[in-house]
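Before any comments, here is the structure.
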Amino acid sequence: MPDPLLSMRGISKAFPGVQALSEANLTLYRGEVHALMGENGAGKSTLIKTLTGVHQRDAGEVLFEGKPIKPAAPLEAEGLGISTVFQEVNLIPHLSVAENISLGRQRSRFGFMQWKEIRERAERALKRFDVEIDVTQEVCSYSVAIQQMVAIARAVDIDAKLLVLDEPTSSLDENEVEELFAVMRKLCAQGMGIVFITHFLDQVYSITDRITVLRNGQSIGEYETAKLPRIELISHMLGKPVDQLADTGSDGLSRSEAASQGEAWLEAKDLSKEGVMSSFDFEIRKGEAAGLAGLLGSGRTETAKLLFGILKSDTGETSMAGNSVGNPKSPRQAIARKIGFCSEDRKREGIIPNLSVRENIVLALQARKGFINTISRQEQNRIADKFIKRLRIKTPSRETPIRTLSGGNQQKALLARWLATDPDLIILDEPTRGIDIGARDEIEELIRELQKEGMAVLLISSELEEIERLCERVWVLRDRQFVGELSDEEISEKAIMSLIAHSDEMEGSDEAES
Amino acid sequence: MKQSLKSSSSLIWPLAGLGLLLLFNAVFNPSFFSISIVDGNLYGNLIDIFRNGSITMILALGMCLVIATGGVDLSVGTIMAITGAVVAIIYQSDPDTSLFVALLVALGVAGVAGALNGALVAYARIQPIIATLILMVTGRGIASFITGEKQIAVENDAFGYLGTGHLIALPFSMVLVFLLYGLMVLGVRKTPVALFIEATGDNEDAAHFSGVNSKMIKLLVYLVCGLFAGLAGLVETSNIANSDPSQLGIYRELDAIFAVVVGGTALSGGRFSLIGAIIGALLLQTLTTTLYSYGVDSALSPIPKAVLIVTVCLLRSDRFRKQFTSLYARKNVA
Ligand SMILES: Nc1ncnc2c1ncn2[C@@H]1O[C@H](COP(=O)(O)OP(=O)(O)OP(=O)(O)O)[C@@H](O)[C@H]1O
Ligand SMILES: [Mg+2]
């Protein structure tokens, strides 16, 4: 074996109330893609953060190219040749895409910024991923997926020796993941080492060479991907013997049988917003599971925001149980109608970072009850404990600030916020983003239970497989338009794909004819 | 349990500062602590600290909520001047006006001023600094317009009680602070309002998407802040029995902001501590009183004040403490 590029030995790190890492190890060679796997809260991100100087380790040593290192900040790690995409995209929202990409490494001449060069460099960096956007726009004006691409482009743009990707693909669709993998393979061929964290097993098996498994902050082992069957990988991650794993991570579950019936619970006709969404009709029945499918930027999230009152529709009419009620003017109004919306943008539109897990969970419920009708502290504790237990939210206590939870556990707490309001319709925008396979099955099961009790679900997901498995009806979107609707037996990944592609061809042929 | 531990730990530094200051006085000036009873009422430096600090404490209680939403209210000093001018003119036109009517009118004006700030911030979406700066600057003009550009003596016994009277042996203004604090705990901490304020200040978008009426919350906190500033203005006017629109409440907004920040509420908003704001105000006043008791020129007193504020804020910063300790550790190794 050649000398490793990176060798982390006996890394420990404690936070108040948790031992996040205890003597964890990671060894990485030049030219390999190395998966770091583990449940939510296993310590993956923490291991990365001690490597890159976000956190300082309590114990252990890190050798990079054979030399001991201990960067004090990510920028210092970058200087050493370690480039990182963190789990929580940490771009600066109100700077342009171009500025973000060159941040900390701007060129200036006589103290003046070379704007043109910066812009071109950003465009070139994004081009590698086939992303063509206006790089002078503020980062926060783009979707989470684009932001993720920008963060990746930024990381790949410098001449690094080691690239760390902490769940970079959580909101990307298949095509973008392929672009990313192509670039990763090229970089590996040039001798770069890559650490790759994800909860998607398919991606692990398609791109990585070796796998390190973490559980409760400890290294369980190091395996060659090709020689490790999936079920064994899962068993290492969860710490359960193979024969006890029923069908975790498989597609054992099938579409809800509790057929939705009756008239539409919510019906929206001709909703649209200038420059955001073209007119569409939408309806959902009690207990129904519907899905929105489409590529990035096709208008899925915008549709959800129109239905939830975050964006105000210019046209159209909403009715509930047959009675016209007017389009929702604010989230507050939508919540009063018993609608919930779990945003895909956990950091900006989800968590209240410094408030406790308990406060984050009861927030929407308390907001609906208003100023006077206080939920007693005991009741708050009961609600929080119920969801912490039911969703297995890993937290030292219910009073822990939510910002210190691992990404997947924050996501679970946000789901709890909406489930606590006992909604009649819950809109889930990439709900399983960053959630481990074990938890994901449990969450799907819980949602199905609630569906049987009459809750309707609108699911937005980049994973067509998930939509196919869970939804009774699917709308396919493209270019901010509804381009097709599938129901029951018609729903399949292929059908959805072809709808997306078909409308492509249609347009092409239209142009050809005219 | 955890919670109380945490919130008390953020109070550790201002409390330590207060302790040090008192210790300093205990060593060098034991008479600092003497309390005498005159006519059944308590007098002494400690009581003075409460009495003189009451204005800052009242302002800080209101300011604390505003800062928790991520805003700031620069106009509180000016609102003090306006209410001072309003009562002065009321008593000038009819010296027998009932206290109730005088308070109602003056506080009504303060409430309108606060609501105006709130509307500018919440509904017109103007940056809080700018929105409240408008009133800060124009309000003084309004106040001197009300009094006809001159000082007016306010000599009414009932009104004088606010700033100089005693209740159960304590200065009335001190009792008022306790009352207001109790009111805030009941009205804010014990209701969902605190949760809504902290959520709004910590992540406004997320709070809005969760159904919190952030605009209403903002309007409310500026309104409360305005009302409290009005009260402070009345106490001060009553205390000096005079209303000078060009001087009343001047620079008071800075004291209030300092008290809140020293008390552990971050200017960026989110978590707030009412008791911290009180302690912060006490700390500032204790320093002022100490300097005064040593005869330090009042023109110089801002300097030690600034040093104190910087020290407490630095000590509270985790990063600073970490760097400080690691620097120290490194030196020890070397
Ligand atoms: N800044 C922090 N303060 C306190 N605790 C923390 C902090 N960061 C992480 N932790 C704790 O450390 C543990 C490991 O978290 P980490 O983020 O490394 O998990 P992860 O493996 O990346 O999980 P996920 O798959 O959900 O992203 C968790 O229990 C978390 O609560
Ligand atoms: Mg993580």
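Each chain in the structure tokens gets a letter, A, B and so on, in the order shown; residues start at 1 in every chain, and ligands are counted from 1 in the order they appear.
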Residue set, segment 269-489 of chain A restricted to strand (DSSP E or B), as a PyMOL selection string: chain A and resi 269-273+277-285+289-294+315-320+323-324+339-342+356+401+425-429+456-460+473-478+481-487
Contacts of ligand 2, 8 Å or closer, only C-alpha atoms and all ligand atoms, given as an MDAnalysis selection string: chainID A and resid 40:41 43:46 87 166:167 406:408 434
Near-ligand residues for ligand 1, threshold 9 Å, only C-alpha atoms and all ligand atoms, as a ChimeraX atom specification: /A:13-21,36-49,55,87,166-167,197-199,214-217,394-396,400-411,434-436
Helix (DSSP H, G or I) call set, DSSP backbone run, segment 300-404 of chain A, as number ranges by chain: A: 300-308, 331-336, 346-350, 357-369, 377-390, 402-404
May I ask you to extract the residues of chain A within 9 Å of chain B, using only C-alpha atoms, and to give them as a CSV table (one decimal) with C-alpha atoms, in the first residue's frame?
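Once everything was written out, this is result-v5.csv:
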```csv
chain,number,residue,atom,x,y,z
A,308,PHE,CA,-49.3,27.6,1.5
A,310,ILE,CA,-46.0,32.2,1.2
A,330,SER,CA,-50.1,34.1,4.5
A,331,PRO,CA,-48.7,30.9,6.0
A,332,ARG,CA,-50.7,31.8,9.1
A,333,GLN,CA,-53.9,31.6,7.2
A,334,ALA,CA,-52.9,28.3,5.6
A,335,ILE,CA,-52.0,26.9,9.0
A,336,ALA,CA,-55.4,28.0,10.3
A,340,GLY,CA,-48.6,22.3,7.0
A,341,PHE,CA,-45.5,22.9,4.9
A,343,SER,CA,-39.6,23.4,3.6
A,346,ARG,CA,-33.9,23.6,6.6
A,347,LYS,CA,-31.4,26.2,7.6
A,348,ARG,CA,-33.1,29.3,6.2
A,349,GLU,CA,-36.8,28.4,6.3
A,350,GLY,CA,-36.9,25.7,8.9
A,351,ILE,CA,-35.0,25.8,12.1
A,352,ILE,CA,-35.0,28.5,14.7
A,353,PRO,CA,-31.3,27.8,15.5
A,354,ASN,CA,-30.9,29.0,19.1
A,355,LEU,CA,-34.2,27.8,20.4
A,359,GLU,CA,-39.6,25.2,21.3
A,360,ASN,CA,-39.0,24.4,17.7
A,363,LEU,CA,-43.8,26.6,17.5
A,364,ALA,CA,-46.3,26.1,14.7
A,365,LEU,CA,-48.9,24.7,17.0
A,366,GLN,CA,-48.6,27.6,19.4
A,367,ALA,CA,-48.7,30.1,16.6
A,368,ARG,CA,-52.0,28.6,15.5
A,370,GLY,CA,-52.3,32.5,19.1
A,371,PHE,CA,-51.2,34.8,21.9
A,372,ILE,CA,-53.7,33.9,24.6
A,373,ASN,CA,-54.2,30.2,24.5
A,374,THR,CA,-50.9,29.1,26.0
A,375,ILE,CA,-49.7,25.5,25.7
A,397,SER,CA,-32.3,16.7,25.9
A,399,GLU,CA,-33.9,21.8,25.9
A,400,THR,CA,-30.8,21.5,23.6
A,417,ARG,CA,-43.2,20.7,14.2
A,418,TRP,CA,-45.7,20.0,11.5
```
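Atom CA of Ala289 of chain A lies 12.5 Å from atom CA of Glu453 of chain A.
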